[in-house]
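First up is the structure itself, then whatever we jot down about it.
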2 protein chains.
Amino acid sequence: MRRGKDLPIFNRLQVLRAERGLTRAALAEAVEVNPQTIGALERGDHYPSLDLAFRICEVFGLPVEAVFSRNPFTPLSTQVYGSRQEGTE
Amino acid sequence: MRRGKDLPIFNRLQVLRAERGLTRAALAEAVEVNPQTIGALERGDHYPSLDLAFRICEVFGLPVEAVFSRNPFTPLSTQVYGSRQEGTE
DNA sequence: ACGAAGCGTTGCAAAAACCCAACGACACGT
DNA sequence: ACGTGTCGTTGGGTTTTTGCAACGCTTCGT
């Protein structure tokens, strides 16, 4: 978390894991790290290495930008179905 | 370079820098690291943090996968103009 | 010939990421 | 009530990335 304190990095790990019914331990095993490391990433304790980020993205079959991003993620749900407020109809 | 020794990560830093006429020091300043760090990345001494990778990609205006990849990059030149051998015409 | 600029590389110190063991909290099934 | 599983978190250690200073090499301009 070096100079990224002015520009943090967000991630969708928790959501993606929930979507696929993956437990922390399961994801940890899939990317060959400890479950605590997954926990630390989810709660933002620190950032992953590029190596680990790639392994994680490979598990989910997603590009890096879909899992990690500089600006906070909008919920996938509203992104797919739209927000109730947007039309104000 | 932890577990990535079986699956290394390649990067196009040198080429991208040359394309835009950026010196090591210039790129280093743009992403706020030391020039030696750029050198270490280019020669594969170690991998960048995700934070640094993002800053680099921002400078080039490219997605992460365009700068860092798990399989070696084909030269941009042949990728754009094609290889002489392919037709064998 | 000289200096400046860029590259390539080394060695050591600091910071960040990661490992590992352990504990408590909560939900669930029996 | 008890065990199991998942989560959340902590503390102390190892590994990797980064910072920093320094040196040698080449090219270019003067």
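Each chain in the structure tokens gets a letter, A, B, ..., in the order shown, and its residues are numbered from 1; ligands are numbered from 1 in order too.
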Taking the DSSP assignment computed from this structure's backbone, write out as a ChimeraX atom specification all residues of chain B that belong to strand (DSSP E). /B:10-11,68-69
Can you work out which residues from chain A touch chain D at a cut-off of 10 Å (counting only C-alpha atoms (C1' of nucleotides)) and hand them back as a PyMOL selection string? chain A and resi 2+23-25+36+39-40+43+49
Could you check how far CA of Val33 in chain B sits from CA of Leu52 in chain B, in Å to one decimal?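 Distance reported for this atom pair: 8.6 Å.
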Which is closest to chain B among A:Leu13, A:Leu22, A:Leu27, A:Cys57, if we use only C-alpha atoms?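 The answer is A:Cys57, which sits nearest to chain B.
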Using only C-alpha atoms (C1' of nucleotides), find each residue in chain C having at least one atom no more than 12 Å away from chain B; report its shortest atom-to-atom pair and that distance in Å (one decimal), rows by chain then rising number, as a tab-separated table.
```
residue	atom	partner	partner_atom	distance
C:DA5	C1'	B:Thr23	CA	10.2
C:DG6	C1'	B:Thr23	CA	7.5
C:DC7	C1'	B:Arg24	CA	8.6
C:DG8	C1'	B:Gly39	CA	7.9
C:DT9	C1'	B:Gln36	CA	9.2
C:DT10	C1'	B:Gln36	CA	11.0
C:DA16	C1'	B:Ser49	CA	9.2
C:DA17	C1'	B:Ser49	CA	8.9
C:DC18	C1'	B:Arg2	CA	9.6
```
Kindly assemble as CSV a list of the chain A residues that lie within 10 Å of chain B, each paired with its nearest atom pair and their distance in Å to one decimal, using only C-alpha atoms, sorted first by chain and then by ascending residue number.
```
residue,atom,partner,partner_atom,distance
A:Met1,CA,B:Asp51,CA,7.4
A:Arg2,CA,B:Asp51,CA,7.8
A:Arg3,CA,B:Asp51,CA,8.0
A:Gly4,CA,B:Asp51,CA,6.5
A:Leu7,CA,B:Asp51,CA,9.1
A:Pro8,CA,B:Asp51,CA,8.4
A:Ile9,CA,B:Asp51,CA,7.4
A:Val31,CA,B:Arg3,CA,9.8
A:Glu32,CA,B:Arg3,CA,8.4
A:Val33,CA,B:Arg3,CA,9.7
A:Tyr47,CA,B:Leu50,CA,6.8
A:Pro48,CA,B:Leu50,CA,6.2
A:Ser49,CA,B:Ser49,CA,4.6
A:Leu50,CA,B:Leu50,CA,4.7
A:Asp51,CA,B:Gly4,CA,6.5
A:Leu52,CA,B:Gly4,CA,8.7
A:Ala53,CA,B:Leu50,CA,7.2
A:Phe54,CA,B:Arg70,CA,8.3
A:Arg55,CA,B:Gly4,CA,9.3
A:Pro63,CA,B:Glu65,CA,7.6
A:Val64,CA,B:Val64,CA,6.7
A:Glu65,CA,B:Val64,CA,7.5
A:Phe68,CA,B:Leu50,CA,9.0
A:Ser69,CA,B:Phe54,CA,8.7
A:Arg70,CA,B:Phe54,CA,8.3
```
Length of the CA of Ala26 in chain B to CA of Ala66 in chain B vector [Å]: 20.3 Å
Determine which residues of chain B receive a DSSP assignment of alpha helix (DSSP H), computed from the backbone, and state them as a PyMOL selection string. chain B and resi 13-19+24-30+35-42+50-60+64-67+76-81
Computed interatomic separation between CA of Arg84 in chain B and CA of Gly21 in chain B (Å):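 Those two atoms sit 27.2 Å apart.
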